[in-house]
Amino acid sequence: MLAGKRILLIIGGGIAAYKCLDLIRRLKERGACVTPVLTRAAQEFVTPLSVSALAGEKVYTDLFDLTDEAEMGHIQLSRVADLVLVAPATADLMAKMAGGHANDLATTLLMATDTPVMIAPAMNLRMWEHAATQRNLATLLGDKVQVIGPNNGDMACGEHGPGRMSEPMEIVAAVELALSDGPLRGKRVLVTSGPTHEPIDPVRYIANRSSGAQGTAIASALASLGAEVVFVTGPADVAPPSGVKVVAVQSAAEMLQAVQNALPVDAGVFAAAVADWRVKRESNSKIKKQDGKLPILEFAENPDILAEVSQMKKDRPGLVVGFAAETDDVIANATAKRKRKGCDWIVANDVSPETGIMGGTENAVHLITDDGVEDWPRMGKGEVARQLAERIAAALG
Ligand code: CTP
């Protein structure tokens, strides 16, 4: 809920501006007070009248409007909010923010504010991928600007790819998270999830049956307690949660690199089903059939990401949580795994086919810590995630 929260919504000049009408409605439904600011270009896409009608507030457009200055100066306008939200954040607006421009009301407010800023970028995919935009994005992230999206998909310009503004409900979830007062506020947590794909050649790979459901639920539960979550995911069946930073990878080697890039973190939860082996020599071209001769694949062992992070001298997270998916002697194997890898906690479960846990909606886990083994009753994966997130919050205190 956003009851009593004040959001200064800066609407940039892009076709996605139309989504802001719904965004305002959704924010207000949750009790937020939305003060809209339209750039000059935004007024080509939505009218101040429709924005004002939905927000139930005066719309600000011009830096040099003396009536506005008399009512509320632009410095004050930039400071009364709990969050400044820029949606859509166009390539131009991002460039101006990164460069510290202040030549209209929107950019002046962004320069003058001392409250957190979140942007929802939206632009053509080539503009999004352009080195200049990516440079500006890196600058803004360094300036502690929070970024939601953009999503992949069809664009108004007829192209397909990253650049679509996040949907209003995704933005609302990110805003709720940014303004939440949960126990993990200010903590940074890494979650790995999903399977990995180990390439054989450009069209074939080795994979496993992990759906990513449990890891996704854990990332979502941690985020809803206020954590800043870096979600490193292999190619999973379930969509990543909103309100987390998603780093999509394919192989174990890529996952290790992404995990190293995410450090330092306060806690790491390693829920991914990482392939233990990769094909030693990936073929650069498709392996062809050869008159009944069968290809021979030689394997190499993948890095053990959980073990590497657990045994780090520098940058080891304060709390490292591993998983153990077992089919026999669950507790004994998981207890040995915890010791061997050097993690603090192990969440162990029996993934024998008759349990229906792998790929299912429920889980029955044992939490193994320094204090011993706790047997949790069988429950939904969402509930396991919530309880685990609460335990992590208590441990990080
Ligand atoms: N793990 C990892 N990197 C690997 C293999 C596993 O980070 N290359 C992590 C998993 O994310 C999980 C834990 O290690 O948190 C245990 O994974 P599991 O597959 O149960 O154990 P393995 O190390 O593969 O051991 P075994 O195959 O002998 O059961």
# chains A, B, ... in the order shown; residues from 1 in each chain; ligands from 1
>>> closest_atom_pairs(of="chain A", to="ligand 1", cutoff="7 Å", atoms="only C-alpha atoms and all ligand atoms", output="CSV")
residue,atom,partner,partner_atom_place_in_ligand_line,distance
A:Thr192,CA,ligand 1,11 (O),6.9
A:Ala252,CA,ligand 1,8 (N),6.6
A:Phe270,CA,ligand 1,15 (O),4.3
A:Ala271,CA,ligand 1,11 (O),4.7
A:Ala272,CA,ligand 1,11 (O),4.2
A:Ala273,CA,ligand 1,11 (O),5.2
A:Val274,CA,ligand 1,5 (C),4.7
A:Ala275,CA,ligand 1,8 (N),5.8
A:Asp276,CA,ligand 1,8 (N),4.9
A:Asn302,CA,ligand 1,8 (N),5.3
A:Pro303,CA,ligand 1,8 (N),5.1
A:Asp304,CA,ligand 1,8 (N),3.6
A:Ile305,CA,ligand 1,7 (O),3.6
A:Leu306,CA,ligand 1,7 (O),3.7
A:Ala307,CA,ligand 1,7 (O),6.6
A:Gly322,CA,ligand 1,15 (O),3.6
A:Phe323,CA,ligand 1,15 (O),3.7
A:Ala324,CA,ligand 1,20 (O),3.8
A:Ala325,CA,ligand 1,20 (O),4.4
A:Glu326,CA,ligand 1,20 (O),6.3
>>> write_last_selection(atoms="C-alpha atoms", output="mmCIF file, in the first residue's frame")
data_model
loop_
_atom_site.group_PDB
_atom_site.id
_atom_site.type_symbol
_atom_site.label_atom_id
_atom_site.label_comp_id
_atom_site.auth_asym_id
_atom_site.auth_seq_id
_atom_site.Cartn_x
_atom_site.Cartn_y
_atom_site.Cartn_z
ATOM 1 C CA THR A 192 20.547 -17.559 -8.127
ATOM 2 C CA ALA A 252 27.244 -22.090 -15.240
ATOM 3 C CA PHE A 270 21.924 -20.144 -4.194
ATOM 4 C CA ALA A 271 18.742 -21.806 -5.412
ATOM 5 C CA ALA A 272 19.889 -22.459 -8.998
ATOM 6 C CA ALA A 273 20.153 -26.009 -10.295
ATOM 7 C CA VAL A 274 23.581 -25.482 -11.789
ATOM 8 C CA ALA A 275 24.771 -28.146 -14.233
ATOM 9 C CA ASP A 276 27.704 -30.008 -12.712
ATOM 10 C CA ASN A 302 31.757 -26.694 -13.931
ATOM 11 C CA PRO A 303 32.829 -24.288 -11.192
ATOM 12 C CA ASP A 304 30.876 -24.823 -7.969
ATOM 13 C CA ILE A 305 29.465 -21.322 -7.531
ATOM 14 C CA LEU A 306 28.127 -21.880 -4.010
ATOM 15 C CA ALA A 307 31.435 -23.368 -2.815
ATOM 16 C CA GLY A 322 22.698 -23.176 -0.336
ATOM 17 C CA PHE A 323 20.177 -25.762 -1.468
ATOM 18 C CA ALA A 324 20.478 -29.516 -1.583
ATOM 19 C CA ALA A 325 18.181 -31.420 -3.890
ATOM 20 C CA GLU A 326 18.521 -35.069 -2.908
#
>>> residues_around(residues="A:Ser50", least_positions_apart="5", cutoff="10 Å", atoms="only C-alpha atoms", output="ChimeraX atom specification")
/A:21,55-56,59
>>> write_last_selection(atoms="N, CA, C and O atoms", output="mmCIF file, in the first residue's frame")
data_model
loop_
_atom_site.group_PDB
_atom_site.id
_atom_site.type_symbol
_atom_site.label_atom_id
_atom_site.label_comp_id
_atom_site.auth_asym_id
_atom_site.auth_seq_id
_atom_site.Cartn_x
_atom_site.Cartn_y
_atom_site.Cartn_z
ATOM 1 N N LEU A 21 -1.438 7.304 -17.750
ATOM 2 C CA LEU A 21 -2.803 7.570 -17.283
ATOM 3 C C LEU A 21 -3.247 6.410 -16.389
ATOM 4 O O LEU A 21 -3.788 6.611 -15.299
ATOM 5 N N ALA A 55 -5.194 12.499 -11.865
ATOM 6 C CA ALA A 55 -4.401 12.691 -10.643
ATOM 7 C C ALA A 55 -5.198 13.439 -9.580
ATOM 8 O O ALA A 55 -4.922 13.318 -8.390
ATOM 9 N N GLY A 56 -6.176 14.226 -10.033
ATOM 10 C CA GLY A 56 -6.906 15.065 -9.084
ATOM 11 C C GLY A 56 -6.007 16.146 -8.520
ATOM 12 O O GLY A 56 -6.187 16.603 -7.388
ATOM 13 N N VAL A 59 -1.381 20.107 -12.685
ATOM 14 C CA VAL A 59 -0.262 19.577 -13.475
ATOM 15 C C VAL A 59 0.742 20.702 -13.699
ATOM 16 O O VAL A 59 0.357 21.812 -14.075
#
>>> closest_residue(among="A:Asp350, A:Glu301, A:Glu383, A:Glu159", to="A:Arg278", atoms="only C-alpha atoms")
A:Glu301
>>> select_by_dssp(residues="stretch 138-267 of chain A", states="strand (DSSP E)", output="ChimeraX atom specification")
/A:146-147,151-154,160-164,188-193,198-201,204-206,228-233,245-248,267
>>> write_last_selection(atoms="N, CA and C atoms", output="compact mmCIF listing (two decimals), in the first residue's frame")
# COMPACT_ATOMS: atom_id res chain seq x y z
N GLN A 146 17.11 4.55 -9.25
CA GLN A 146 16.57 3.19 -9.42
C GLN A 146 15.95 3.07 -10.81
N VAL A 147 16.13 1.90 -11.42
CA VAL A 147 15.66 1.73 -12.80
C VAL A 147 14.71 0.54 -12.86
N ASN A 151 11.14 -3.47 -20.72
CA ASN A 151 10.80 -4.85 -21.05
C ASN A 151 11.13 -5.14 -22.51
N ASN A 152 11.16 -6.43 -22.81
CA ASN A 152 11.27 -6.89 -24.20
C ASN A 152 9.88 -6.92 -24.79
N GLY A 153 9.77 -6.68 -26.09
CA GLY A 153 8.45 -6.86 -26.71
C GLY A 153 8.30 -6.05 -27.97
N ASP A 154 7.06 -6.05 -28.51
CA ASP A 154 6.76 -5.27 -29.71
C ASP A 154 6.70 -3.81 -29.34
N HIS A 160 11.00 -5.06 -32.48
CA HIS A 160 10.81 -5.96 -31.35
C HIS A 160 12.12 -6.07 -30.58
N GLY A 161 12.05 -5.93 -29.28
CA GLY A 161 13.27 -6.06 -28.47
C GLY A 161 13.15 -5.28 -27.19
N PRO A 162 14.26 -5.04 -26.48
CA PRO A 162 14.19 -4.29 -25.23
C PRO A 162 13.94 -2.81 -25.49
N GLY A 163 13.08 -2.20 -24.73
CA GLY A 163 12.81 -0.78 -24.91
C GLY A 163 11.39 -0.39 -24.53
N ARG A 164 10.51 -1.41 -24.38
CA ARG A 164 9.13 -1.10 -23.99
C ARG A 164 9.10 -0.68 -22.53
N ARG A 188 21.34 -5.74 0.62
CA ARG A 188 21.46 -6.19 -0.76
C ARG A 188 21.62 -7.71 -0.74
N VAL A 189 20.73 -8.39 -1.47
CA VAL A 189 20.74 -9.86 -1.45
C VAL A 189 20.81 -10.40 -2.88
N LEU A 190 21.63 -11.44 -3.05
CA LEU A 190 21.79 -12.10 -4.35
C LEU A 190 21.01 -13.41 -4.31
N VAL A 191 20.27 -13.69 -5.37
CA VAL A 191 19.58 -14.99 -5.49
C VAL A 191 19.93 -15.60 -6.84
N THR A 192 20.40 -16.86 -6.84
CA THR A 192 20.55 -17.56 -8.13
C THR A 192 19.35 -18.49 -8.27
N SER A 193 18.95 -18.72 -9.52
CA SER A 193 17.72 -19.49 -9.73
C SER A 193 17.72 -20.15 -11.10
N GLU A 198 24.05 -25.82 -20.89
CA GLU A 198 25.47 -25.98 -21.26
C GLU A 198 25.54 -26.34 -22.73
N PRO A 199 26.10 -25.45 -23.55
CA PRO A 199 26.04 -25.67 -25.00
C PRO A 199 26.88 -26.85 -25.49
N ILE A 200 26.32 -27.55 -26.48
CA ILE A 200 27.07 -28.61 -27.18
C ILE A 200 27.58 -28.03 -28.51
N ASP A 201 26.67 -27.37 -29.20
CA ASP A 201 27.00 -26.67 -30.45
C ASP A 201 26.01 -25.51 -30.55
N ARG A 204 22.37 -27.02 -29.87
CA ARG A 204 22.05 -28.04 -28.85
C ARG A 204 22.68 -27.68 -27.51
N TYR A 205 22.01 -28.13 -26.44
CA TYR A 205 22.57 -27.89 -25.11
C TYR A 205 22.14 -28.98 -24.14
N ILE A 206 22.80 -29.03 -22.99
CA ILE A 206 22.42 -29.95 -21.91
C ILE A 206 21.74 -29.11 -20.83
N GLU A 228 17.17 -5.05 -1.64
CA GLU A 228 17.56 -4.80 -3.02
C GLU A 228 18.05 -6.16 -3.53
N VAL A 229 17.33 -6.75 -4.46
CA VAL A 229 17.64 -8.12 -4.87
C VAL A 229 18.27 -8.15 -6.26
N VAL A 230 19.42 -8.83 -6.36
CA VAL A 230 20.01 -9.12 -7.67
C VAL A 230 19.65 -10.57 -7.97
N PHE A 231 18.90 -10.77 -9.04
CA PHE A 231 18.34 -12.09 -9.35
C PHE A 231 19.06 -12.64 -10.59
N VAL A 232 19.98 -13.58 -10.34
CA VAL A 232 20.75 -14.16 -11.45
C VAL A 232 20.05 -15.45 -11.85
N THR A 233 19.47 -15.45 -13.04
CA THR A 233 18.65 -16.61 -13.41
C THR A 233 19.08 -17.25 -14.72
N LYS A 245 16.51 -6.76 -9.64
CA LYS A 245 17.40 -6.56 -10.79
C LYS A 245 17.67 -7.94 -11.40
N VAL A 246 17.20 -8.14 -12.63
CA VAL A 246 17.32 -9.45 -13.26
C VAL A 246 18.59 -9.51 -14.11
N VAL A 247 19.41 -10.54 -13.86
CA VAL A 247 20.57 -10.78 -14.73
C VAL A 247 20.36 -12.16 -15.34
N ALA A 248 20.06 -12.20 -16.62
CA ALA A 248 19.76 -13.47 -17.29
C ALA A 248 21.04 -14.08 -17.83
N ALA A 267 23.68 -10.96 1.77
CA ALA A 267 23.36 -12.40 1.82
C ALA A 267 23.26 -12.93 0.40
>>> atom_distance(atom1="atom CA of A:Ala138", atom2="atom CA of A:Ala262")
14.5 Å
>>> residues_around(residues="A:His74", least_positions_apart="6", cutoff="8 Å", atoms="only C-alpha atoms", output="list of chain:residue names")
A:Leu63, A:Leu105, A:Thr108, A:Leu109
>>> write_last_selection(atoms="N, CA, C and O atoms", output="short mmCIF file (atom, residue, chain, number, x, y, z; two decimals), in the first residue's frame")
data_model
loop_
_atom_site.label_atom_id
_atom_site.label_comp_id
_atom_site.auth_asym_id
_atom_site.auth_seq_id
_atom_site.Cartn_x
_atom_site.Cartn_y
_atom_site.Cartn_z
N LEU A 63 8.79 25.88 -16.27
CA LEU A 63 9.71 26.40 -15.26
C LEU A 63 9.45 27.87 -14.95
O LEU A 63 9.66 28.33 -13.84
N LEU A 105 11.44 22.51 -16.61
CA LEU A 105 10.96 22.22 -15.25
C LEU A 105 11.37 20.81 -14.81
O LEU A 105 11.88 20.62 -13.71
N THR A 108 15.09 20.49 -14.09
CA THR A 108 15.44 21.31 -12.92
C THR A 108 15.00 20.61 -11.63
O THR A 108 15.74 20.56 -10.64
N LEU A 109 13.79 20.04 -11.66
CA LEU A 109 13.31 19.31 -10.47
C LEU A 109 14.24 18.14 -10.16
O LEU A 109 14.57 17.87 -9.00
#
>>> residues_around(residues="A:Ala132", least_positions_apart="4", cutoff="12 Å", atoms="only C-alpha atoms", output="JSON, numbers by chain")
{"A": [91, 92, 94, 95, 96, 98, 99, 126, 127, 128, 136, 137, 138, 139]}
>>> write_last_selection(atoms="C-alpha atoms", output="CSV table (one decimal), in the first residue's frame")
chain,number,residue,atom,x,y,z
A,91,ALA,CA,16.7,8.6,-24.2
A,92,ASP,CA,16.9,12.4,-24.2
A,94,MET,CA,18.1,10.1,-19.4
A,95,ALA,CA,21.0,11.9,-21.2
A,96,LYS,CA,19.9,15.2,-19.6
A,98,ALA,CA,23.2,11.9,-16.6
A,99,GLY,CA,24.7,15.2,-17.8
A,126,ARG,CA,18.4,0.7,-31.0
A,127,MET,CA,18.3,3.8,-28.9
A,128,TRP,CA,18.2,1.7,-25.8
A,136,ASN,CA,24.0,7.3,-19.3
A,137,LEU,CA,22.3,4.3,-17.7
A,138,ALA,CA,25.6,3.4,-15.9
A,139,THR,CA,26.0,7.0,-14.8
>>> residues_around(residues="A:Ala207", least_positions_apart="3", cutoff="7 Å", atoms="only C-alpha atoms", output="list of chain:residue names")
A:Pro195, A:Thr196, A:His197, A:Glu198
>>> closest_residue(among="A:Val330, A:Ala3, A:Val347, A:Met169", to="A:Trp376", atoms="only C-alpha atoms")
A:Val347
>>> atom_distance(atom1="atom CA of A:Met379", atom2="atom CA of A:Ala332")
22.4 Å
>>> select_by_dssp(residues="stretch 23-192 of chain A", states="alpha helix (DSSP H)", output="ChimeraX atom specification")
/A:23-29,48-55,66-71,74-79,91-99,105-112,125-129,131-142,168-178
>>> residues_around(residues="A:Gln214", least_positions_apart="6", cutoff="9 Å", atoms="only C-alpha atoms", output="PyMOL selection string")
chain A and resi 193-194+271+361+363+381-382+384-385
>>> residues_around(residues="A:Ser52", least_positions_apart="3", cutoff="12 Å", atoms="only C-alpha atoms", output="PyMOL selection string")
chain A and resi 9+20-21+24-25+34-38+46-49+55-61
>>> atom_distance(atom1="atom CA of A:Glu29", atom2="atom CA of A:Gly4")
11.6 Å
>>> decode(residues="stretch 205-229 of chain A", atoms="N, CA, C and O atoms", output="short mmCIF file (atom, residue, chain, number, x, y, z; two decimals), in the first residue's frame")
data_model
loop_
_atom_site.label_atom_id
_atom_site.label_comp_id
_atom_site.auth_asym_id
_atom_site.auth_seq_id
_atom_site.Cartn_x
_atom_site.Cartn_y
_atom_site.Cartn_z
N TYR A 205 22.01 -28.13 -26.44
CA TYR A 205 22.57 -27.89 -25.11
C TYR A 205 22.14 -28.98 -24.14
O TYR A 205 21.20 -29.74 -24.42
N ILE A 206 22.80 -29.03 -22.99
CA ILE A 206 22.42 -29.95 -21.91
C ILE A 206 21.74 -29.11 -20.83
O ILE A 206 22.22 -28.02 -20.50
N ALA A 207 20.61 -29.59 -20.32
CA ALA A 207 19.84 -28.81 -19.34
C ALA A 207 19.32 -29.72 -18.23
O ALA A 207 19.64 -30.91 -18.21
N ASN A 208 18.56 -29.17 -17.31
CA ASN A 208 17.89 -30.00 -16.30
C ASN A 208 16.46 -29.49 -16.11
O ASN A 208 16.05 -28.51 -16.73
N ARG A 209 15.70 -30.16 -15.25
CA ARG A 209 14.26 -29.90 -15.18
C ARG A 209 13.87 -28.77 -14.23
O ARG A 209 12.70 -28.58 -13.94
N SER A 210 14.81 -28.03 -13.68
CA SER A 210 14.43 -26.97 -12.74
C SER A 210 13.54 -25.93 -13.44
O SER A 210 13.85 -25.47 -14.54
N SER A 211 12.44 -25.54 -12.76
CA SER A 211 11.52 -24.54 -13.35
C SER A 211 11.89 -23.13 -12.91
O SER A 211 11.45 -22.15 -13.50
N GLY A 212 12.67 -23.02 -11.83
CA GLY A 212 13.00 -21.70 -11.28
C GLY A 212 11.93 -21.18 -10.33
O GLY A 212 12.04 -20.06 -9.84
N ALA A 213 10.89 -22.00 -10.05
CA ALA A 213 9.76 -21.51 -9.23
C ALA A 213 10.19 -21.14 -7.81
O ALA A 213 9.82 -20.07 -7.30
N GLN A 214 11.00 -22.02 -7.17
CA GLN A 214 11.36 -21.73 -5.78
C GLN A 214 12.29 -20.52 -5.68
O GLN A 214 12.10 -19.65 -4.83
N GLY A 215 13.26 -20.43 -6.58
CA GLY A 215 14.18 -19.29 -6.56
C GLY A 215 13.45 -17.98 -6.82
O GLY A 215 13.72 -16.95 -6.18
N THR A 216 12.51 -18.01 -7.76
CA THR A 216 11.73 -16.81 -8.09
C THR A 216 10.90 -16.37 -6.89
O THR A 216 10.85 -15.18 -6.55
N ALA A 217 10.28 -17.35 -6.22
CA ALA A 217 9.46 -17.02 -5.04
C ALA A 217 10.33 -16.42 -3.93
O ALA A 217 9.92 -15.48 -3.23
N ILE A 218 11.55 -16.94 -3.79
CA ILE A 218 12.44 -16.42 -2.74
C ILE A 218 12.85 -14.98 -3.06
O ILE A 218 12.83 -14.09 -2.19
N ALA A 219 13.20 -14.73 -4.32
CA ALA A 219 13.59 -13.36 -4.72
C ALA A 219 12.45 -12.40 -4.46
O ALA A 219 12.64 -11.28 -3.94
N SER A 220 11.25 -12.83 -4.80
CA SER A 220 10.07 -11.97 -4.63
C SER A 220 9.82 -11.70 -3.13
O SER A 220 9.55 -10.56 -2.72
N ALA A 221 9.95 -12.75 -2.30
CA ALA A 221 9.71 -12.59 -0.86
C ALA A 221 10.76 -11.67 -0.23
O ALA A 221 10.44 -10.83 0.63
N LEU A 222 12.01 -11.80 -0.66
CA LEU A 222 13.07 -10.93 -0.12
C LEU A 222 12.82 -9.48 -0.52
O LEU A 222 12.97 -8.56 0.29
N ALA A 223 12.41 -9.30 -1.78
CA ALA A 223 12.14 -7.94 -2.26
C ALA A 223 10.97 -7.33 -1.49
O ALA A 223 10.99 -6.14 -1.15
N SER A 224 9.96 -8.15 -1.19
CA SER A 224 8.81 -7.55 -0.50
C SER A 224 9.14 -7.22 0.95
O SER A 224 8.41 -6.47 1.60
N LEU A 225 10.25 -7.73 1.47
CA LEU A 225 10.70 -7.30 2.81
C LEU A 225 11.64 -6.09 2.69
O LEU A 225 12.27 -5.68 3.66
N GLY A 226 11.77 -5.58 1.47
CA GLY A 226 12.53 -4.34 1.29
C GLY A 226 13.95 -4.51 0.79
O GLY A 226 14.66 -3.51 0.63
N ALA A 227 14.38 -5.76 0.54
CA ALA A 227 15.77 -5.96 0.09
C ALA A 227 15.95 -5.49 -1.34
O ALA A 227 15.02 -5.54 -2.14
N GLU A 228 17.17 -5.05 -1.64
CA GLU A 228 17.56 -4.80 -3.02
C GLU A 228 18.05 -6.16 -3.53
O GLU A 228 19.05 -6.68 -3.03
N VAL A 229 17.33 -6.75 -4.46
CA VAL A 229 17.64 -8.12 -4.87
C VAL A 229 18.27 -8.15 -6.26
O VAL A 229 17.74 -7.56 -7.20
#
